[in-house]
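Step one of this worksheet: look at the structure below.
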Amino acid sequence: MTHNILVVEDEAKIASFVQKGLSEEGYHVDWAQDGRAGLEMALTGTATGRPWDLIVLDIMLPDLDGLDVCRQLRAKGRQVPIIFLTARDGVNDKVLGLDLGADDYLTKPFAFEEFLARCRSLIRKAEQRADTSLRLSDLILDTKQRRVERAGQVIDLSTKEFALLQFLMENSGKVLSRMEISEKVWDIHFDTTTNVIDVHINRLRKKIDHGFDLKLIQTVRGSGYTLGQE
């Protein structure tokens, strides 16, 4: 199976070099020349509708910088592997890029052999964890290992809290009513007199959002709850 790679790079020479090298290795490669176009292509997938297997992302881009592209992709729950390929070589830049959800960070100038090895590694790891993990921003839920972590910090959840978070993450960005939550997570018809769902949401919120500037669990007044951000 041919893997699909999106290169988001504004310098034509570098983009051509990367695209040519990856194509010679058997990858299908598309190129976006600015951040806004890159984000749109990343969200819509390939021309045939298939998802990307890897995104190679510069930071200093016209219209929308690479950090914002990465941030928005993770906020929308996209789990595609991202490697930053950039001239920004400061430690703070690397830390920020990785904290925003990038999987790897390589600085220019670079050895193509190393870049290629990192691409192979990221695609291989993604295939190994396929269908076992959900990701939103810096929050990761592994359904196989029943493990949850945020920004690298492991979060201990009860069985019901784990099931609730999994349902929210599987439907990230969608407003879920208390009735939907009760039927999917508790397998019961909704009782308007009980506050069991609100209690569990509050407990989950304390574990997931407490201490983080970005709050992921949102209350939609009169409608229910959603997981995500604008």
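Residue numbering restarts at 1 in every chain; chains get A, B, ... in the order shown in the structure tokens, and ligands count up from 1 in that same order.
Neighbouring residues of Leu164 in chain A at 8 Å or closer, counting only C-alpha atoms and skipping chain neighbours under 3 positions away, are Lys160, Glu161, Phe167, Leu168, Ile181 and Val185 of chain A.
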Take the selection from the previous step and output its residues with C-alpha atoms, as a short mmCIF file (atom, residue, chain, number, x, y, z; two decimals), in the first residue's frame.
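Ended up saving to selection39.cif:
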```cif
data_model
loop_
_atom_site.label_atom_id
_atom_site.label_comp_id
_atom_site.auth_asym_id
_atom_site.auth_seq_id
_atom_site.Cartn_x
_atom_site.Cartn_y
_atom_site.Cartn_z
CA LYS A 160 -16.97 4.60 34.19
CA GLU A 161 -14.86 7.76 33.81
CA PHE A 167 -17.41 8.36 24.25
CA LEU A 168 -16.66 12.09 24.37
CA ILE A 181 -24.47 9.89 27.22
CA VAL A 185 -22.15 4.98 28.64
#
```
Write out as a PDB file with N, CA and C atoms, in the first residue's frame which residues come within 12 Å of Arg147 in chain A when counting only C-alpha atoms, dropping same-chain ones fewer than 6 positions away.
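Written file, selection-v6.pdb:
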```pdb
ATOM      1  N   THR A 132      -6.324   1.924  18.276  1.00  0.00           N
ATOM      2  CA  THR A 132      -6.209   1.676  19.717  1.00  0.00           C
ATOM      3  C   THR A 132      -6.141   2.965  20.517  1.00  0.00           C
ATOM      4  N   SER A 133      -5.940   4.100  19.847  1.00  0.00           N
ATOM      5  CA  SER A 133      -5.801   5.333  20.607  1.00  0.00           C
ATOM      6  C   SER A 133      -6.616   6.456  19.987  1.00  0.00           C
ATOM      7  N   LEU A 134      -7.094   7.320  20.851  1.00  0.00           N
ATOM      8  CA  LEU A 134      -7.805   8.533  20.447  1.00  0.00           C
ATOM      9  C   LEU A 134      -6.994   9.710  20.950  1.00  0.00           C
ATOM     10  N   ARG A 135      -6.986  10.787  20.169  1.00  0.00           N
ATOM     11  CA  ARG A 135      -6.163  11.924  20.556  1.00  0.00           C
ATOM     12  C   ARG A 135      -6.887  13.228  20.271  1.00  0.00           C
ATOM     13  N   LEU A 139      -4.263  15.420  24.770  1.00  0.00           N
ATOM     14  CA  LEU A 139      -4.937  14.350  25.510  1.00  0.00           C
ATOM     15  C   LEU A 139      -4.959  13.077  24.665  1.00  0.00           C
ATOM     16  N   ILE A 140      -4.479  11.974  25.226  1.00  0.00           N
ATOM     17  CA  ILE A 140      -4.422  10.697  24.509  1.00  0.00           C
ATOM     18  C   ILE A 140      -5.111   9.624  25.339  1.00  0.00           C
ATOM     19  N   LEU A 141      -6.001   8.883  24.695  1.00  0.00           N
ATOM     20  CA  LEU A 141      -6.666   7.746  25.336  1.00  0.00           C
ATOM     21  C   LEU A 141      -6.358   6.502  24.527  1.00  0.00           C
ATOM     22  N   GLN A 153       1.404  13.340  31.099  1.00  0.00           N
ATOM     23  CA  GLN A 153       1.075  12.996  32.488  1.00  0.00           C
ATOM     24  C   GLN A 153      -0.046  11.955  32.511  1.00  0.00           C
ATOM     25  N   VAL A 154       0.220  10.815  33.120  1.00  0.00           N
ATOM     26  CA  VAL A 154      -0.769   9.744  33.193  1.00  0.00           C
ATOM     27  C   VAL A 154      -1.899  10.135  34.145  1.00  0.00           C
ATOM     28  N   ILE A 155      -3.143   9.896  33.710  1.00  0.00           N
ATOM     29  CA  ILE A 155      -4.323  10.256  34.489  1.00  0.00           C
ATOM     30  C   ILE A 155      -5.055   8.988  34.882  1.00  0.00           C
ATOM     31  N   ASP A 156      -5.295   8.831  36.152  1.00  0.00           N
ATOM     32  CA  ASP A 156      -5.971   7.642  36.676  1.00  0.00           C
ATOM     33  C   ASP A 156      -7.481   7.858  36.638  1.00  0.00           C
ATOM     34  N   LEU A 157      -8.196   7.020  35.903  1.00  0.00           N
ATOM     35  CA  LEU A 157      -9.643   7.131  35.778  1.00  0.00           C
ATOM     36  C   LEU A 157     -10.322   5.843  36.228  1.00  0.00           C
ATOM     37  N   SER A 158     -11.519   5.980  36.771  1.00  0.00           N
ATOM     38  CA  SER A 158     -12.328   4.813  37.090  1.00  0.00           C
ATOM     39  C   SER A 158     -12.854   4.216  35.779  1.00  0.00           C
ATOM     40  N   THR A 159     -13.412   3.022  35.851  1.00  0.00           N
ATOM     41  CA  THR A 159     -13.934   2.362  34.657  1.00  0.00           C
ATOM     42  C   THR A 159     -14.999   3.208  33.974  1.00  0.00           C
ATOM     43  N   GLU A 161     -15.456   6.521  34.315  1.00  0.00           N
ATOM     44  CA  GLU A 161     -14.856   7.758  33.814  1.00  0.00           C
ATOM     45  C   GLU A 161     -14.135   7.509  32.489  1.00  0.00           C
ATOM     46  N   PHE A 162     -13.468   6.365  32.392  1.00  0.00           N
ATOM     47  CA  PHE A 162     -12.774   6.013  31.155  1.00  0.00           C
ATOM     48  C   PHE A 162     -13.783   5.859  30.013  1.00  0.00           C
ATOM     49  N   ALA A 163     -14.880   5.153  30.285  1.00  0.00           N
ATOM     50  CA  ALA A 163     -15.905   4.955  29.255  1.00  0.00           C
ATOM     51  C   ALA A 163     -16.526   6.276  28.834  1.00  0.00           C
ATOM     52  N   LEU A 165     -15.086   9.317  28.993  1.00  0.00           N
ATOM     53  CA  LEU A 165     -14.099  10.066  28.217  1.00  0.00           C
ATOM     54  C   LEU A 165     -13.966   9.487  26.814  1.00  0.00           C
ATOM     55  N   GLN A 166     -13.969   8.173  26.700  1.00  0.00           N
ATOM     56  CA  GLN A 166     -13.857   7.542  25.388  1.00  0.00           C
ATOM     57  C   GLN A 166     -15.024   7.948  24.487  1.00  0.00           C
TER      58      GLN A 166
END
```
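Summary of the local environment: counting only C-alpha atoms, residues at most 8 Å from Asp30 in chain A, other than itself and those fewer than 4 positions away along its chain, are Asn4, Ile5, Leu6, Val7 and Gln19 of chain A.
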Please write the residues from the selection above to a file, keeping N, CA and C atoms, as a PDB file, in the first residue's frame.
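What landed in part30.pdb:
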```pdb
ATOM      1  N   ASN A   4       0.597   8.080   1.952  1.00  0.00           N
ATOM      2  CA  ASN A   4       0.382   9.445   1.485  1.00  0.00           C
ATOM      3  C   ASN A   4       1.001  10.441   2.453  1.00  0.00           C
ATOM      4  N   ILE A   5       1.825  11.328   1.923  1.00  0.00           N
ATOM      5  CA  ILE A   5       2.518  12.326   2.747  1.00  0.00           C
ATOM      6  C   ILE A   5       2.202  13.722   2.216  1.00  0.00           C
ATOM      7  N   LEU A   6       1.851  14.610   3.133  1.00  0.00           N
ATOM      8  CA  LEU A   6       1.620  16.009   2.788  1.00  0.00           C
ATOM      9  C   LEU A   6       2.805  16.841   3.266  1.00  0.00           C
ATOM     10  N   VAL A   7       3.415  17.587   2.368  1.00  0.00           N
ATOM     11  CA  VAL A   7       4.523  18.475   2.696  1.00  0.00           C
ATOM     12  C   VAL A   7       4.001  19.912   2.668  1.00  0.00           C
ATOM     13  N   GLN A  19       9.957  16.393  -1.825  1.00  0.00           N
ATOM     14  CA  GLN A  19       8.957  15.672  -2.603  1.00  0.00           C
ATOM     15  C   GLN A  19       9.601  14.644  -3.527  1.00  0.00           C
TER      16      GLN A  19
END
```
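Here the strand (DSSP E) residues in range 45-168 of chain A, by DSSP on the backbone, are Leu54, Ile55, Val56, Leu57, Ile82, Ile83, Phe84, Leu85, Thr86, Asp104, Tyr105, Leu106, Thr107, Ser133, Leu134, Arg135, Leu136, Leu139, Ile140, Leu141, Asp142, Arg147, Val148, Glu149, Arg150, Gln153, Val154 and Ile155 of chain A.
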Using N, CA and C atoms, can you export the residues from the last selection as an mmCIF file, in the first residue's frame?
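Done, and the output landed in again-v1.cif:
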```cif
data_model
loop_
_atom_site.group_PDB
_atom_site.id
_atom_site.type_symbol
_atom_site.label_atom_id
_atom_site.label_comp_id
_atom_site.auth_asym_id
_atom_site.auth_seq_id
_atom_site.Cartn_x
_atom_site.Cartn_y
_atom_site.Cartn_z
ATOM 1 N N LEU A 54 1.241 10.914 6.945
ATOM 2 C CA LEU A 54 2.255 11.747 7.584
ATOM 3 C C LEU A 54 2.152 13.168 7.033
ATOM 4 N N ILE A 55 2.389 14.149 7.907
ATOM 5 C CA ILE A 55 2.474 15.539 7.470
ATOM 6 C C ILE A 55 3.850 16.083 7.838
ATOM 7 N N VAL A 56 4.559 16.605 6.834
ATOM 8 C CA VAL A 56 5.850 17.251 7.034
ATOM 9 C C VAL A 56 5.572 18.754 7.047
ATOM 10 N N LEU A 57 5.870 19.416 8.157
ATOM 11 C CA LEU A 57 5.360 20.762 8.376
ATOM 12 C C LEU A 57 6.476 21.745 8.743
ATOM 13 N N ILE A 82 2.841 14.073 12.711
ATOM 14 C CA ILE A 82 3.363 15.345 12.222
ATOM 15 C C ILE A 82 4.835 15.448 12.590
ATOM 16 N N ILE A 83 5.659 15.763 11.608
ATOM 17 C CA ILE A 83 7.061 16.055 11.873
ATOM 18 C C ILE A 83 7.338 17.483 11.415
ATOM 19 N N PHE A 84 7.852 18.292 12.327
ATOM 20 C CA PHE A 84 8.275 19.636 11.963
ATOM 21 C C PHE A 84 9.630 19.550 11.268
ATOM 22 N N LEU A 85 9.736 20.214 10.131
ATOM 23 C CA LEU A 85 10.998 20.323 9.406
ATOM 24 C C LEU A 85 11.234 21.817 9.213
ATOM 25 N N THR A 86 12.112 22.390 10.023
ATOM 26 C CA THR A 86 12.174 23.842 10.122
ATOM 27 C C THR A 86 13.582 24.334 10.446
ATOM 28 N N ASP A 104 7.502 14.613 15.999
ATOM 29 C CA ASP A 104 8.957 14.691 15.837
ATOM 30 C C ASP A 104 9.314 16.096 15.373
ATOM 31 N N TYR A 105 10.600 16.414 15.474
ATOM 32 C CA TYR A 105 11.071 17.767 15.154
ATOM 33 C C TYR A 105 12.483 17.641 14.600
ATOM 34 N N LEU A 106 12.679 18.104 13.365
ATOM 35 C CA LEU A 106 13.991 18.032 12.726
ATOM 36 C C LEU A 106 14.335 19.408 12.168
ATOM 37 N N THR A 107 15.574 19.841 12.402
ATOM 38 C CA THR A 107 15.958 21.185 11.986
ATOM 39 C C THR A 107 16.740 21.163 10.665
ATOM 40 N N SER A 133 -5.940 4.100 19.847
ATOM 41 C CA SER A 133 -5.801 5.333 20.607
ATOM 42 C C SER A 133 -6.616 6.456 19.987
ATOM 43 N N LEU A 134 -7.094 7.320 20.851
ATOM 44 C CA LEU A 134 -7.805 8.533 20.447
ATOM 45 C C LEU A 134 -6.994 9.710 20.950
ATOM 46 N N ARG A 135 -6.986 10.787 20.169
ATOM 47 C CA ARG A 135 -6.163 11.924 20.556
ATOM 48 C C ARG A 135 -6.887 13.228 20.271
ATOM 49 N N LEU A 136 -6.843 14.135 21.234
ATOM 50 C CA LEU A 136 -7.385 15.477 21.060
ATOM 51 C C LEU A 136 -6.450 16.442 21.762
ATOM 52 N N LEU A 139 -4.263 15.420 24.770
ATOM 53 C CA LEU A 139 -4.937 14.350 25.510
ATOM 54 C C LEU A 139 -4.959 13.077 24.665
ATOM 55 N N ILE A 140 -4.479 11.974 25.226
ATOM 56 C CA ILE A 140 -4.422 10.697 24.509
ATOM 57 C C ILE A 140 -5.111 9.624 25.339
ATOM 58 N N LEU A 141 -6.001 8.883 24.695
ATOM 59 C CA LEU A 141 -6.666 7.746 25.336
ATOM 60 C C LEU A 141 -6.358 6.502 24.527
ATOM 61 N N ASP A 142 -5.742 5.517 25.145
ATOM 62 C CA ASP A 142 -5.389 4.260 24.494
ATOM 63 C C ASP A 142 -6.409 3.212 24.914
ATOM 64 N N ARG A 147 -5.359 3.352 28.960
ATOM 65 C CA ARG A 147 -4.450 4.331 29.545
ATOM 66 C C ARG A 147 -4.804 5.722 29.021
ATOM 67 N N VAL A 148 -4.781 6.699 29.911
ATOM 68 C CA VAL A 148 -5.070 8.078 29.532
ATOM 69 C C VAL A 148 -3.922 8.959 30.013
ATOM 70 N N GLU A 149 -3.494 9.873 29.146
ATOM 71 C CA GLU A 149 -2.480 10.822 29.573
ATOM 72 C C GLU A 149 -2.729 12.169 28.904
ATOM 73 N N ARG A 150 -2.315 13.201 29.588
ATOM 74 C CA ARG A 150 -2.396 14.540 29.023
ATOM 75 C C ARG A 150 -1.061 15.238 29.214
ATOM 76 N N GLN A 153 1.404 13.340 31.099
ATOM 77 C CA GLN A 153 1.075 12.996 32.488
ATOM 78 C C GLN A 153 -0.046 11.955 32.511
ATOM 79 N N VAL A 154 0.220 10.815 33.120
ATOM 80 C CA VAL A 154 -0.769 9.744 33.193
ATOM 81 C C VAL A 154 -1.899 10.135 34.145
ATOM 82 N N ILE A 155 -3.143 9.896 33.710
ATOM 83 C CA ILE A 155 -4.323 10.256 34.489
ATOM 84 C C ILE A 155 -5.055 8.988 34.882
#
```
Backbone DSSP call of helix (DSSP H, G or I) for range 64-196 of chain A, listed as a PyMOL selection string
chain A and resi 66-75+91-99+112-128+159-170+178-186+196
Based on the selection just made, write C-alpha atoms of those residues as a JSON list (two decimals), in the first residue's frame.
```json
[["chain", "number", "residue", "atom", "x", "y", "z"],
["A", 66, "GLY", "CA", 3.07, 25.74, 11.24],
["A", 67, "LEU", "CA", 2.50, 25.88, 14.98],
["A", 68, "ASP", "CA", -1.07, 27.06, 14.41],
["A", 69, "VAL", "CA", -1.60, 24.37, 11.78],
["A", 70, "CYS", "CA", -0.46, 21.71, 14.25],
["A", 71, "ARG", "CA", -2.55, 23.21, 17.05],
["A", 72, "GLN", "CA", -5.72, 23.26, 14.97],
["A", 73, "LEU", "CA", -5.25, 19.74, 13.66],
["A", 74, "ARG", "CA", -4.86, 18.33, 17.17],
["A", 75, "ALA", "CA", -7.76, 20.43, 18.47],
["A", 91, "VAL", "CA", 15.16, 24.48, 22.42],
["A", 92, "ASN", "CA", 12.03, 26.50, 23.24],
["A", 93, "ASP", "CA", 10.82, 26.10, 19.65],
["A", 94, "LYS", "CA", 11.28, 22.34, 19.83],
["A", 95, "VAL", "CA", 9.54, 22.08, 23.18],
["A", 96, "LEU", "CA", 6.62, 24.18, 21.97],
["A", 97, "GLY", "CA", 6.23, 22.18, 18.77],
["A", 98, "LEU", "CA", 6.22, 18.87, 20.61],
["A", 99, "ASP", "CA", 3.90, 20.17, 23.32],
["A", 112, "PHE", "CA", 17.85, 13.26, 3.99],
["A", 113, "GLU", "CA", 18.67, 9.74, 5.18],
["A", 114, "GLU", "CA", 17.87, 10.73, 8.76],
["A", 115, "PHE", "CA", 14.70, 12.52, 7.68],
["A", 116, "LEU", "CA", 13.60, 9.45, 5.72],
["A", 117, "ALA", "CA", 14.27, 7.16, 8.69],
["A", 118, "ARG", "CA", 12.18, 9.39, 10.94],
["A", 119, "CYS", "CA", 9.33, 9.36, 8.42],
["A", 120, "ARG", "CA", 9.40, 5.56, 8.26],
["A", 121, "SER", "CA", 9.44, 5.35, 12.05],
["A", 122, "LEU", "CA", 6.46, 7.70, 12.48],
["A", 123, "ILE", "CA", 4.37, 5.89, 9.87],
["A", 124, "ARG", "CA", 5.24, 2.51, 11.37],
["A", 125, "LYS", "CA", 4.32, 3.61, 14.89],
["A", 126, "ALA", "CA", 1.04, 5.08, 13.67],
["A", 127, "GLU", "CA", 0.12, 1.82, 11.98],
["A", 128, "GLN", "CA", 0.95, -0.14, 15.13],
["A", 159, "THR", "CA", -13.93, 2.36, 34.66],
["A", 160, "LYS", "CA", -16.97, 4.60, 34.19],
["A", 161, "GLU", "CA", -14.86, 7.76, 33.81],
["A", 162, "PHE", "CA", -12.77, 6.01, 31.16],
["A", 163, "ALA", "CA", -15.91, 4.95, 29.26],
["A", 164, "LEU", "CA", -17.31, 8.47, 29.49],
["A", 165, "LEU", "CA", -14.10, 10.07, 28.22],
["A", 166, "GLN", "CA", -13.86, 7.54, 25.39],
["A", 167, "PHE", "CA", -17.41, 8.36, 24.25],
["A", 168, "LEU", "CA", -16.66, 12.09, 24.37],
["A", 169, "MET", "CA", -13.42, 11.65, 22.41],
["A", 170, "GLU", "CA", -15.06, 9.44, 19.79],
["A", 178, "ARG", "CA", -27.37, 13.80, 28.69],
["A", 179, "MET", "CA", -29.74, 11.28, 27.13],
["A", 180, "GLU", "CA", -27.15, 10.20, 24.55],
["A", 181, "ILE", "CA", -24.47, 9.89, 27.22],
["A", 182, "SER", "CA", -26.69, 7.88, 29.57],
["A", 183, "GLU", "CA", -27.74, 5.44, 26.85],
["A", 184, "LYS", "CA", -24.22, 4.93, 25.45],
["A", 185, "VAL", "CA", -22.15, 4.98, 28.64],
["A", 186, "TRP", "CA", -24.62, 3.82, 31.30],
["A", 196, "VAL", "CA", -25.24, 11.19, 37.88]]
```
Can you list, as a PyMOL selection string, every protein, DNA or RNA residue that comes within 12 Å of Ala12 in chain A when you count only C-alpha atoms, leaving out same-chain residues fewer than 6 positions away?
chain A and resi 18-20+31-34
Let me see the file: selected residues, N, CA and C atoms, as a tab-separated table (two decimals), in the first residue's frame.
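File selection.tsv, as written:
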```tsv
chain	number	residue	atom	x	y	z
A	18	VAL	N	12.40	17.56	-1.08
A	18	VAL	CA	11.73	16.59	-0.19
A	18	VAL	C	10.74	15.74	-0.97
A	19	GLN	N	9.96	16.39	-1.83
A	19	GLN	CA	8.96	15.67	-2.60
A	19	GLN	C	9.60	14.64	-3.53
A	20	LYS	N	10.67	15.05	-4.20
A	20	LYS	CA	11.37	14.14	-5.11
A	20	LYS	C	11.96	12.95	-4.35
A	31	TRP	N	1.95	18.73	-2.08
A	31	TRP	CA	2.64	19.90	-1.53
A	31	TRP	C	1.67	21.06	-1.35
A	32	ALA	N	1.75	21.69	-0.20
A	32	ALA	CA	1.03	22.93	0.08
A	32	ALA	C	2.06	24.01	0.37
A	33	GLN	N	1.87	25.21	-0.22
A	33	GLN	CA	2.90	26.24	-0.15
A	33	GLN	C	2.66	27.26	0.96
A	34	ASP	N	1.53	27.19	1.64
A	34	ASP	CA	1.28	28.09	2.77
A	34	ASP	C	0.47	27.36	3.83
```
